[in-house]
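Asks: Input work.txt, format and content: compact mmCIF, C-alpha atoms and all ligand atoms.
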# COMPACT_ATOMS: atom_id res chain seq x y z
CA MET G 1 -13.79 12.59 -19.84
CA SER G 2 -13.82 9.32 -17.95
CA ALA G 3 -10.87 8.56 -15.72
CA SER G 4 -10.99 4.93 -16.80
CA VAL G 5 -7.82 3.67 -18.50
CA PRO G 6 -8.25 0.26 -20.16
CA ILE G 7 -5.25 -2.04 -19.87
CA ALA G 8 -5.34 -3.68 -23.31
CA GLY G 9 -3.34 -1.78 -25.92
CA ASN G 10 -1.99 0.83 -23.50
CA ARG G 11 1.50 1.55 -22.19
CA PHE G 12 2.12 1.58 -18.43
CA VAL G 13 5.12 2.62 -16.37
CA ILE G 14 5.73 1.18 -12.90
CA ILE G 15 8.02 3.47 -10.94
CA GLY G 16 9.91 1.40 -8.36
CA GLY G 17 8.76 -1.67 -10.24
CA ALA G 18 11.64 -4.12 -9.69
CA SER G 19 10.32 -5.55 -6.46
CA LEU G 20 7.47 -7.30 -4.65
CA VAL G 21 4.43 -5.25 -5.71
CA GLY G 22 5.88 -4.06 -9.04
CA SER G 23 6.75 -7.50 -10.34
CA ALA G 24 3.29 -8.91 -9.52
CA THR G 25 1.54 -5.90 -11.05
CA ALA G 26 3.64 -6.03 -14.23
CA GLY G 27 2.54 -9.64 -14.70
CA GLU G 28 -1.09 -8.68 -14.11
CA LEU G 29 -1.01 -5.80 -16.64
CA LEU G 30 0.78 -7.92 -19.26
CA ASP G 31 -1.76 -10.72 -18.77
CA HIS G 32 -4.52 -8.20 -19.42
CA GLY G 33 -3.03 -7.14 -22.74
CA ALA G 34 -0.96 -4.03 -21.95
CA ALA G 35 0.93 -2.94 -25.09
CA GLU G 36 4.05 -2.38 -22.95
CA VAL G 37 4.93 -2.36 -19.27
CA VAL G 38 8.04 -0.45 -18.29
CA LEU G 39 9.70 -1.09 -14.95
CA PHE G 40 11.62 2.02 -13.86
CA ASP G 41 13.86 1.45 -10.85
CA ASN G 42 17.24 2.54 -9.48
CA PHE G 43 17.70 -0.86 -7.78
CA ALA G 44 18.17 0.76 -4.37
CA PHE G 45 16.06 -2.10 -2.99
CA GLY G 46 14.77 -3.88 -6.08
CA SER G 47 16.69 -6.71 -7.68
CA ASN G 48 17.10 -8.63 -10.89
CA ALA G 49 15.98 -11.72 -8.99
CA ALA G 50 12.61 -10.11 -8.27
CA ILE G 51 11.92 -9.61 -11.98
CA ALA G 52 13.81 -12.59 -13.44
CA HIS G 53 10.54 -14.39 -14.27
CA LEU G 54 9.49 -11.44 -16.49
CA GLN G 55 12.75 -10.51 -18.16
CA ASP G 56 12.19 -12.36 -21.42
CA HIS G 57 8.66 -11.08 -21.84
CA PRO G 58 8.40 -9.34 -25.24
CA ARG G 59 6.22 -6.50 -23.92
CA LEU G 60 8.23 -5.80 -20.78
CA LYS G 61 10.98 -3.20 -20.65
CA LEU G 62 13.36 -2.41 -17.82
CA VAL G 63 14.72 1.14 -17.46
CA ARG G 64 17.27 2.02 -14.79
CA GLY G 65 16.53 5.42 -13.39
CA ASP G 66 15.99 7.49 -10.28
CA VAL G 67 12.86 9.40 -9.19
CA MET G 68 15.15 12.16 -7.96
CA ARG G 69 16.14 12.87 -11.58
CA ILE G 70 13.18 14.41 -13.37
CA ALA G 71 14.79 14.21 -16.83
CA GLU G 72 14.75 10.41 -16.53
CA LEU G 73 11.09 10.46 -15.48
CA LEU G 74 10.18 12.74 -18.38
CA ARG G 75 11.76 10.29 -20.82
CA VAL G 76 10.22 7.15 -19.37
CA THR G 77 6.66 8.47 -19.02
CA GLU G 78 6.43 9.66 -22.63
CA GLY G 79 3.48 7.93 -24.29
CA ALA G 80 2.31 6.27 -21.05
CA ALA G 81 -1.44 6.03 -20.41
CA GLY G 82 -0.94 5.10 -16.78
CA VAL G 83 1.77 5.35 -14.15
CA LEU G 84 1.94 3.31 -10.95
CA GLN G 85 4.12 5.06 -8.38
CA LEU G 86 5.70 2.57 -5.97
CA ALA G 87 9.23 3.91 -5.41
CA ALA G 88 9.62 4.50 -1.68
CA TYR G 89 11.54 3.89 1.50
CA MET G 90 9.52 1.90 4.03
CA THR G 91 9.91 2.18 7.83
CA LEU G 92 13.06 0.06 8.22
CA SER G 93 14.87 1.89 5.41
CA MET G 94 13.58 5.20 6.77
CA ASP G 95 15.11 4.26 10.12
CA ARG G 96 18.55 3.89 8.51
CA ASP G 97 18.35 6.97 6.29
CA PRO G 98 15.51 9.38 7.13
CA TRP G 99 16.47 12.11 4.68
CA GLY G 100 17.02 9.70 1.81
CA GLY G 101 13.55 8.34 2.52
CA LEU G 102 11.86 11.71 2.81
CA ASP G 103 13.45 12.77 -0.49
CA VAL G 104 12.16 9.74 -2.38
CA ASN G 105 8.74 9.57 -0.67
CA ILE G 106 7.98 13.27 -1.10
CA ARG G 107 10.10 14.94 -3.79
CA GLY G 108 10.12 11.68 -5.75
CA VAL G 109 6.31 11.61 -5.82
CA GLN G 110 6.18 15.26 -6.89
CA ASN G 111 8.69 14.57 -9.68
CA VAL G 112 6.57 11.66 -10.92
CA LEU G 113 3.45 13.86 -10.91
CA GLU G 114 5.27 16.64 -12.79
CA ALA G 115 6.46 14.20 -15.44
CA CYS G 116 2.88 12.90 -15.77
CA ARG G 117 1.63 16.45 -16.24
CA VAL G 118 4.13 17.18 -19.01
CA ASN G 119 3.41 13.90 -20.81
CA LYS G 120 -0.36 14.03 -20.22
CA VAL G 121 -0.43 10.66 -18.49
CA ARG G 122 -4.12 9.90 -18.02
CA LYS G 123 -4.02 8.29 -14.60
CA VAL G 124 -1.64 7.84 -11.69
CA VAL G 125 -2.06 5.09 -9.13
CA PHE G 126 -0.13 5.89 -5.97
CA ALA G 127 0.90 3.24 -3.44
CA SER G 128 0.13 4.61 -0.03
CA SER G 129 -0.07 2.57 3.15
CA ASN G 130 -2.10 1.81 6.24
CA ALA G 131 0.86 3.58 7.90
CA THR G 132 -1.25 6.71 7.24
CA TYR G 133 -3.30 5.61 10.29
CA GLY G 134 -0.09 5.49 12.32
CA TYR G 135 0.86 3.13 15.12
CA GLY G 136 0.63 2.95 18.88
CA PRO G 137 -2.21 3.18 21.40
CA GLY G 138 -4.71 5.03 19.16
CA VAL G 139 -4.80 2.39 16.45
CA ALA G 140 -7.69 0.06 17.33
CA GLY G 141 -11.09 -1.01 16.05
CA GLU G 142 -12.28 -0.48 12.48
CA LEU G 143 -9.80 1.57 10.43
CA VAL G 144 -11.70 3.39 7.67
CA GLU G 145 -10.43 5.97 5.21
CA SER G 146 -11.38 8.88 7.49
CA THR G 147 -9.55 7.45 10.53
CA PRO G 148 -6.92 9.98 11.65
CA PHE G 149 -3.16 9.49 12.01
CA HIS G 150 -1.97 8.33 15.43
CA SER G 151 1.66 8.74 16.34
CA MET G 152 2.01 8.76 20.11
CA GLY G 153 4.59 6.25 21.23
CA ALA G 154 5.40 5.00 17.73
CA PRO G 155 9.04 4.77 16.54
CA PRO G 156 10.19 7.94 14.74
CA ALA G 157 10.86 6.08 11.48
CA ALA G 158 7.28 4.74 11.41
CA ILE G 159 5.92 8.26 11.92
CA LEU G 160 8.20 9.67 9.22
CA TYR G 161 7.07 6.90 6.85
CA GLY G 162 3.35 7.34 7.55
CA ALA G 163 3.61 11.11 7.38
CA SER G 164 5.53 10.93 4.09
CA LYS G 165 2.75 8.78 2.59
CA ILE G 166 0.14 11.30 3.80
CA ILE G 167 2.13 14.01 2.02
CA GLY G 168 2.40 11.87 -1.13
CA GLU G 169 -1.39 11.45 -1.13
CA GLN G 170 -1.88 15.21 -0.75
CA LEU G 171 0.52 15.90 -3.64
CA CYS G 172 -1.76 13.71 -5.79
CA ARG G 173 -4.83 15.69 -4.61
CA ASP G 174 -2.99 18.90 -5.34
CA ALA G 175 -2.18 17.71 -8.89
CA PHE G 176 -5.87 16.87 -9.40
CA ARG G 177 -6.89 20.35 -8.27
CA LYS G 178 -4.15 22.21 -10.17
CA TRP G 179 -4.16 20.44 -13.53
CA GLY G 180 -6.90 17.80 -13.31
CA GLN G 181 -4.52 14.87 -12.90
CA ASP G 182 -6.68 11.77 -12.46
CA TYR G 183 -5.40 9.49 -9.72
CA VAL G 184 -6.33 6.77 -7.28
CA VAL G 185 -4.52 6.29 -3.98
CA LEU G 186 -4.48 2.74 -2.66
CA ARG G 187 -3.59 2.35 0.99
CA TYR G 188 -1.97 -1.07 0.97
CA SER G 189 -1.84 -3.03 4.16
CA THR G 190 1.28 -5.15 4.75
CA VAL G 191 2.00 -7.07 1.58
CA TYR G 192 3.13 -10.70 1.43
CA GLY G 193 3.57 -13.30 -1.28
CA GLU G 194 5.93 -14.46 -3.99
CA ARG G 195 9.18 -12.46 -4.13
CA GLN G 196 8.81 -11.46 -0.48
CA HIS G 197 11.64 -9.32 0.87
CA TYR G 198 12.88 -8.41 4.35
CA ARG G 199 12.12 -4.69 4.21
CA ALA G 200 8.58 -4.51 5.61
CA ALA G 201 8.59 -4.56 9.41
CA ASN G 202 5.29 -6.44 9.73
CA ALA G 203 6.02 -9.02 7.04
CA LEU G 204 9.13 -10.00 9.04
CA TYR G 205 6.77 -12.02 11.25
CA ILE G 206 6.09 -14.26 8.27
CA ILE G 207 9.51 -14.55 6.74
CA GLU G 208 11.45 -14.79 10.00
CA THR G 209 9.09 -17.51 11.21
CA MET G 210 9.64 -19.43 7.98
CA ASP G 211 13.41 -19.14 8.36
CA LYS G 212 13.32 -20.32 11.99
CA VAL G 213 11.04 -23.27 11.24
CA ARG G 214 13.27 -24.33 8.35
CA ARG G 215 16.29 -24.28 10.67
CA GLY G 216 14.38 -26.33 13.26
CA GLU G 217 14.43 -23.43 15.74
CA PRO G 218 11.38 -22.24 17.70
CA PRO G 219 9.74 -19.25 16.00
CA GLN G 220 9.48 -16.09 18.05
CA VAL G 221 6.35 -14.25 19.12
CA PHE G 222 6.83 -10.71 20.40
CA GLY G 223 4.72 -9.84 23.43
CA ASP G 224 1.80 -12.18 24.19
CA GLY G 225 0.90 -12.81 20.54
CA SER G 226 -2.51 -11.12 20.75
CA GLU G 227 -1.44 -8.18 18.63
CA THR G 228 -3.31 -7.82 15.34
CA LYS G 229 -1.76 -7.69 11.89
CA HIS G 230 -3.71 -7.20 8.70
CA PHE G 231 -1.92 -8.38 5.55
CA VAL G 232 -2.82 -8.45 1.88
CA TYR G 233 -1.66 -11.02 -0.68
CA VAL G 234 0.46 -9.48 -3.44
CA GLY G 235 -1.63 -11.03 -6.25
CA ASP G 236 -4.77 -9.41 -4.83
CA LEU G 237 -2.91 -6.12 -4.73
CA ALA G 238 -1.75 -6.47 -8.34
CA ARG G 239 -5.42 -6.86 -9.24
CA ALA G 240 -6.30 -3.77 -7.19
CA ASN G 241 -3.66 -1.73 -9.05
CA ARG G 242 -5.08 -2.88 -12.39
CA MET G 243 -8.67 -2.16 -11.32
CA ALA G 244 -7.68 1.31 -10.09
CA PHE G 245 -6.56 2.14 -13.65
CA GLU G 246 -9.65 0.56 -15.22
CA SER G 247 -12.24 2.10 -12.90
CA ALA G 248 -13.82 5.49 -13.49
CA ALA G 249 -12.79 6.49 -9.94
CA THR G 250 -10.54 9.49 -9.48
CA ASP G 251 -9.45 11.76 -6.62
CA VAL G 252 -10.00 9.03 -4.01
CA ALA G 253 -7.96 7.12 -1.43
CA VAL G 254 -9.09 3.61 -0.44
CA ASN G 255 -7.80 0.82 1.78
CA THR G 256 -6.71 -2.43 0.18
CA SER G 257 -6.39 -5.06 2.90
CA GLY G 258 -6.74 -8.84 2.87
CA PRO G 259 -9.92 -10.74 3.79
CA GLU G 260 -9.32 -10.70 7.56
CA PRO G 261 -6.82 -9.62 10.20
CA ILE G 262 -4.84 -12.19 12.16
CA THR G 263 -3.06 -12.16 15.53
CA THR G 264 0.71 -12.65 15.57
CA LEU G 265 0.31 -15.91 17.50
CA GLU G 266 -2.19 -17.29 14.95
CA LEU G 267 0.14 -16.19 12.18
CA VAL G 268 3.21 -17.86 13.65
CA ARG G 269 1.20 -21.08 14.20
CA LEU G 270 -0.17 -21.02 10.66
CA VAL G 271 3.24 -20.43 9.06
CA THR G 272 4.75 -23.20 11.20
CA GLU G 273 2.00 -25.62 10.18
CA LEU G 274 2.25 -24.76 6.46
CA ALA G 275 6.05 -24.95 6.53
CA GLY G 276 5.74 -28.57 7.65
CA GLY G 277 5.59 -28.22 11.44
CA GLY G 278 8.17 -27.36 14.03
CA PRO G 279 8.78 -26.47 17.66
CA ALA G 280 6.27 -24.42 19.64
CA PRO G 281 6.83 -20.67 19.47
CA GLU G 282 8.83 -18.89 22.13
CA PHE G 283 7.49 -15.66 23.59
CA VAL G 284 10.08 -12.91 23.70
CA GLY G 285 10.30 -9.24 24.70
CA ASN G 286 11.60 -6.41 22.55
CA ASP G 287 14.57 -7.53 20.46
CA GLY G 288 15.72 -3.97 19.73
CA LYS G 289 14.45 -4.00 16.13
CA VAL G 290 11.84 -1.53 14.92
CA ARG G 291 8.52 -3.31 15.64
CA LEU G 292 5.17 -1.79 14.84
CA THR G 293 2.50 -2.10 17.48
CA SER G 294 -1.09 -1.00 17.80
CA GLY G 295 -3.42 -0.18 20.67
CA GLY G 296 -5.49 -3.33 20.37
CA ALA G 297 -7.39 -5.46 17.91
CA PHE G 298 -8.07 -3.68 14.64
CA ARG G 299 -9.39 -4.35 11.15
CA ILE G 300 -8.51 -2.34 8.07
CA ALA G 301 -11.86 -1.96 6.30
CA HIS G 302 -11.73 -2.58 2.54
CA GLU G 303 -15.43 -2.03 1.72
CA GLU G 304 -14.75 1.39 0.19
CA ALA G 305 -12.42 -0.21 -2.38
CA ALA G 306 -15.32 -2.44 -3.47
CA ARG G 307 -17.53 0.61 -3.93
CA THR G 308 -15.01 2.79 -5.77
CA ILE G 309 -12.87 0.42 -7.87
CA GLY G 310 -14.88 -2.80 -7.57
CA TRP G 311 -12.10 -4.65 -5.71
CA THR G 312 -12.46 -7.21 -2.94
CA PRO G 313 -9.59 -9.34 -1.62
CA GLU G 314 -9.85 -13.01 -2.58
CA VAL G 315 -6.84 -14.86 -1.24
CA THR G 316 -6.99 -16.07 2.37
CA MET G 317 -3.90 -16.01 4.59
CA ARG G 318 -3.75 -19.80 4.48
CA GLU G 319 -3.71 -19.88 0.67
CA GLY G 320 -1.40 -16.88 0.30
CA LEU G 321 1.08 -18.27 2.79
CA ARG G 322 0.97 -21.63 1.05
CA ARG G 323 1.92 -19.88 -2.21
CA LEU G 324 4.67 -17.86 -0.51
CA ILE G 325 6.18 -20.99 1.04
CA ALA G 326 6.00 -22.86 -2.27
CA TRP G 327 7.76 -19.98 -4.03
CA ARG G 328 10.38 -19.75 -1.29
CA ASP G 329 11.10 -23.46 -1.42
CA GLY G 330 11.72 -23.19 -5.16
CA ASN G 331 13.73 -19.96 -5.03
CA GLU G 332 16.00 -20.00 -2.00
CA ALA G 333 18.57 -17.80 -3.76
CA ALA G 334 16.09 -15.11 -4.82
CA ALA G 335 14.75 -14.38 -1.37
CA GLY G 336 17.29 -11.73 -0.29
N1 LIG R 401 5.56 -4.09 1.18
C1 LIG R 401 4.62 -3.68 2.02
O1 LIG R 401 4.30 -4.35 2.99
C2 LIG R 401 3.92 -2.38 1.79
C3 LIG R 401 2.84 -2.02 2.61
C4 LIG R 401 2.19 -0.80 2.39
C5 LIG R 401 2.62 0.02 1.36
N2 LIG R 401 3.67 -0.35 0.59
C6 LIG R 401 4.14 0.54 -0.47
O2 LIG R 401 4.08 -0.17 -1.68
C7 LIG R 401 5.14 0.21 -2.53
C8 LIG R 401 5.87 -1.00 -3.06
O3 LIG R 401 6.19 -1.90 -2.04
P1 LIG R 401 7.31 -3.02 -2.23
O4 LIG R 401 7.26 -3.91 -1.07
O5 LIG R 401 7.25 -3.57 -3.60
O6 LIG R 401 8.53 -2.00 -2.02
P2 LIG R 401 10.08 -2.13 -2.22
O7 LIG R 401 10.76 -1.33 -1.20
O8 LIG R 401 10.50 -3.51 -2.37
O9 LIG R 401 10.10 -1.44 -3.64
C9 LIG R 401 10.25 -0.13 -3.87
C10 LIG R 401 11.06 -0.04 -5.14
O10 LIG R 401 11.37 1.31 -5.33
C11 LIG R 401 12.69 1.39 -5.79
N3 LIG R 401 13.26 2.69 -5.49
C12 LIG R 401 13.62 3.18 -4.27
N4 LIG R 401 14.15 4.40 -4.41
C13 LIG R 401 14.08 4.71 -5.73
C14 LIG R 401 14.49 5.83 -6.50
N5 LIG R 401 15.08 6.89 -5.93
N6 LIG R 401 14.28 5.80 -7.84
C15 LIG R 401 13.72 4.71 -8.44
N7 LIG R 401 13.33 3.62 -7.77
C16 LIG R 401 13.52 3.61 -6.42
C17 LIG R 401 13.41 0.26 -5.06
O11 LIG R 401 14.62 -0.13 -5.69
C18 LIG R 401 12.36 -0.83 -5.05
O12 LIG R 401 12.47 -1.69 -6.17
C19 LIG R 401 5.99 1.19 -1.72
O13 LIG R 401 5.61 2.49 -2.09
C20 LIG R 401 5.58 0.92 -0.31
O14 LIG R 401 5.73 2.07 0.49
C21 LIG R 401 4.31 -1.54 0.77
Now, as a test, write the supplied structure out as structure tokens.
Replies:
Amino acid sequence: MSASVPIAGNRFVIIGGASLVGSATAGELLDHGAAEVVLFDNFAFGSNAAIAHLQDHPRLKLVRGDVMRIAELLRVTEGAAGVLQLAAYMTLSMDRDPWGGLDVNIRGVQNVLEACRVNKVRKVVFASSNATYGYGPGVAGELVESTPFHSMGAPPAAILYGASKIIGEQLCRDAFRKWGQDYVVLRYSTVYGERQHYRAANALYIIETMDKVRRGEPPQVFGDGSETKHFVYVGDLARANRMAFESAATDVAVNTSGPEPITTLELVRLVTELAGGGPAPEFVGNDGKVRLTSGGAFRIAHEEAARTIGWTPEVTMREGLRRLIAWRDGNEAAAG
């Protein structure tokens, strides 16, 4: 049987859906004719503001629930053709509460897979991360799906996060081997766009620069600004999630990164320009926050995603940032 799950006429559940990636993907699935999209979330990090634009949609349902409670997952996944598993703690949250994060990122994923087994959900799409390549001196050059995990010198929370995503991916593989659960793992690079939050360490470069420029303060660049970041626009990612369900691919993990990487200095200059201009950036040392560094210039290769699910990123940083700034200017209150 093909692992392809068409969107039109089918029911989808987005676990951890009341946030950045979930809200964009819900819109994408609804636009493509999903019979129902259910957002399941305990609102640990998600918010009503992030899904306010969808709340009156006749085919959207919101269910409050926790991935640590399997009975709630069993109920919500009944009759679902596809499940997108997003619920997670990222590095900054992992730094505050490592065990809470490990529970959700590991046991939570297993609970979702078990519920999918019981309810015969046809396909699971699991949100992994380029954090599976790690951070620190080893991370340089072309990062492809077989690139190993580097951890030397990285902050403990970043290692716990990356390692927990590696385990989540392996739990999906295990489910495929044990009961034939079809799945696609997407390794998202740092996400940015409408309904941006402050929880992703790398996206802080964007949102903190915007805040500084708006206040008329010089934006900050950490180090010499030559460090690479590779982002992906949230709308492109919503499309990747949809295409992962639709494609015949199964039992694979692919990178989903934006068109090109950018240095932190280029990024800060671009955000400043798009936000209407402002003072020149100031170069600062470590501010004590968890910052994620690499060993040199790198690019997260997304060619495998084109081969397996037919996806290629479309939105440039300039266009994506323009959209983020436009959203932010219209939604000051929703940006928390
Ligand atoms: N944002 C990024 O830059 C980025 C980059 C790579 C990978 N990812 C991954 O993509 C996914 C979504 O990212 P996002 O930015 O939308 O994340 P987010 O942190 O904003 O959203 C995760 C959602 O999961 C929910 N959640 C947390 N614990 C839960 C629990 N116990 N039960 C039910 N729901 C729970 C939160 O309330 C939140 O709405 C995550 O798995 C993340 O690890 C994100």
Asks: List every residue of segment 123-195 of chain G that has an atom at most 10 Å from any atom of segment 84-88 of chain G, giving for each one its closest atom pair and the distance in Å to one decimal, counting all atoms listed in the file, sorted by chain and then by ascending residue number, as a Markdown table.
Replies:
| residue | atom | partner | partner_atom | distance |
| --- | --- | --- | --- | --- |
| G:Lys123 | CA | G:Leu84 | CA | 8.6 |
| G:Val124 | CA | G:Leu84 | CA | 5.8 |
| G:Val125 | CA | G:Leu84 | CA | 4.7 |
| G:Phe126 | CA | G:Gln85 | CA | 5.0 |
| G:Ala127 | CA | G:Leu86 | CA | 5.5 |
| G:Ser128 | CA | G:Leu86 | CA | 8.4 |
| G:Tyr161 | CA | G:Ala88 | CA | 9.2 |
| G:Ser164 | CA | G:Ala88 | CA | 9.6 |
| G:Lys165 | CA | G:Ala88 | CA | 9.2 |
| G:Tyr183 | CA | G:Leu84 | CA | 9.7 |
| G:Val184 | CA | G:Leu84 | CA | 9.7 |
| G:Val185 | CA | G:Gln85 | CA | 9.8 |
Asks: As a ChimeraX atom specification, please: every protein or nucleic acid residue near ligand LIG 401 (chain R) (cut-off 6 Å, counting all atoms listed in the file).
Replies: /G:16-22,41-46,65-68,86-90,104,127-129,188-191,200
Asks: Considering only C-alpha atoms, state which residue in the set G:Ala49, G:Val118, G:Ala163, G:Leu54 is at the smallest distance from Leu102 of chain G.
Replies: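 Among the listed residues, G:Ala163 lies closest to Leu102 of chain G.
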Asks: For Thr91 of chain G, which of G:Arg291, G:Arg299, G:Arg173, G:Arg214 is the closest residue, counting all atoms listed in the file?
Replies: G:Arg291
Asks: Go ahead and compute the interatomic distance for atom CA of Ala71 of chain G and atom CA of Gly27 of chain G, in Å to one decimal.
Replies: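 Computing it gives 26.9 Å between the two atoms.
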Asks: Nearest residue to Leu267 of chain G out of G:Val232, G:Leu321, G:Ala306, G:Cys172, using all atoms listed in the file?
Replies: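 Looking only at the distances to Leu267 of chain G, the closest residue turns out to be G:Leu321.
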Asks: Neighbouring residues of Arg323 of chain G were defined as those with any atom within 7 Å, considering only C-alpha atoms; residues of the same chain fewer than 3 positions away were excluded. Please report them as a list in words.
Replies: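 Within the cut-off, the hits are Gly193, Glu194, Glu319, Gly320, Ala326 and Trp327 of chain G.
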Asks: In Å, with one decimal, what is the gap from atom CA of Thr256 of chain G to atom CA of Glu78 of chain G?
Replies: 29.0 Å
Asks: Separation of atom CA of Ser23 of chain G and atom CA of Tyr133 of chain G, in Å?
Replies: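 Interatomic distance, atom CA of Ser23 of chain G to atom CA of Tyr133 of chain G: 26.4 Å.
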Asks: Which is closest to Asn10 of chain G among G:Pro259, G:Pro98, G:Gly79, G:Pro58, if we use only C-alpha atoms?
Replies: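 Under the stated criterion, the closest residue is G:Gly79.
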Asks: How would segment 321-328 of chain G read, as a short mmCIF file (atom, residue, chain, number, x, y, z; two decimals), in the frame of the given file, once all heavy atoms are built in?
Replies:
data_model
loop_
_atom_site.label_atom_id
_atom_site.label_comp_id
_atom_site.auth_asym_id
_atom_site.auth_seq_id
_atom_site.Cartn_x
_atom_site.Cartn_y
_atom_site.Cartn_z
N LEU G 321 -0.14 -17.78 2.14
CA LEU G 321 1.08 -18.27 2.79
C LEU G 321 1.55 -19.56 2.14
O LEU G 321 2.76 -19.79 1.98
CB LEU G 321 0.84 -18.49 4.29
CG LEU G 321 0.68 -17.21 5.12
CD1 LEU G 321 0.22 -17.54 6.53
CD2 LEU G 321 1.99 -16.42 5.17
N ARG G 322 0.59 -20.40 1.74
CA ARG G 322 0.97 -21.63 1.05
C ARG G 322 1.74 -21.28 -0.24
O ARG G 322 2.77 -21.86 -0.54
CB ARG G 322 -0.31 -22.43 0.72
CG ARG G 322 -0.06 -23.85 0.25
CD ARG G 322 -1.30 -24.47 -0.38
NE ARG G 322 -1.76 -23.80 -1.59
CZ ARG G 322 -1.13 -23.81 -2.77
NH1 ARG G 322 -0.01 -24.49 -2.90
NH2 ARG G 322 -1.60 -23.15 -3.80
N ARG G 323 1.25 -20.29 -0.97
CA ARG G 323 1.92 -19.88 -2.21
C ARG G 323 3.29 -19.28 -1.93
O ARG G 323 4.26 -19.53 -2.65
CB ARG G 323 1.07 -18.85 -2.96
CG ARG G 323 -0.22 -19.44 -3.48
CD ARG G 323 -0.95 -18.40 -4.32
NE ARG G 323 -2.35 -18.77 -4.47
CZ ARG G 323 -3.26 -18.03 -5.11
NH1 ARG G 323 -2.90 -16.88 -5.65
NH2 ARG G 323 -4.50 -18.43 -5.22
N LEU G 324 3.38 -18.47 -0.87
CA LEU G 324 4.67 -17.86 -0.51
C LEU G 324 5.70 -18.95 -0.16
O LEU G 324 6.84 -18.92 -0.62
CB LEU G 324 4.49 -16.89 0.67
CG LEU G 324 5.75 -16.40 1.39
CD1 LEU G 324 6.76 -15.77 0.43
CD2 LEU G 324 5.39 -15.38 2.47
N ILE G 325 5.26 -19.92 0.63
CA ILE G 325 6.18 -20.99 1.04
C ILE G 325 6.61 -21.81 -0.17
O ILE G 325 7.79 -22.14 -0.33
CB ILE G 325 5.53 -21.85 2.15
CG1 ILE G 325 5.43 -21.01 3.43
CG2 ILE G 325 6.34 -23.14 2.41
CD1 ILE G 325 4.58 -21.61 4.54
N ALA G 326 5.66 -22.09 -1.07
CA ALA G 326 6.00 -22.86 -2.27
C ALA G 326 7.01 -22.10 -3.13
O ALA G 326 7.98 -22.67 -3.63
CB ALA G 326 4.73 -23.14 -3.09
N TRP G 327 6.82 -20.80 -3.25
CA TRP G 327 7.76 -19.98 -4.03
C TRP G 327 9.13 -20.00 -3.37
O TRP G 327 10.16 -20.18 -4.00
CB TRP G 327 7.25 -18.54 -4.13
CG TRP G 327 8.31 -17.61 -4.65
CD1 TRP G 327 8.68 -17.44 -5.95
CD2 TRP G 327 9.16 -16.77 -3.86
NE1 TRP G 327 9.71 -16.52 -6.02
CE2 TRP G 327 10.03 -16.10 -4.76
CE3 TRP G 327 9.28 -16.50 -2.50
CZ2 TRP G 327 11.00 -15.19 -4.33
CZ3 TRP G 327 10.24 -15.60 -2.06
CH2 TRP G 327 11.09 -14.96 -2.97
N ARG G 328 9.14 -19.82 -2.05
CA ARG G 328 10.38 -19.75 -1.29
C ARG G 328 11.16 -21.05 -1.41
O ARG G 328 12.37 -21.05 -1.60
CB ARG G 328 10.04 -19.46 0.17
CG ARG G 328 11.18 -19.04 1.04
CD ARG G 328 11.64 -17.65 0.67
NE ARG G 328 12.93 -17.36 1.30
CZ ARG G 328 13.08 -17.07 2.58
NH1 ARG G 328 12.05 -17.01 3.38
NH2 ARG G 328 14.29 -16.84 3.07
#
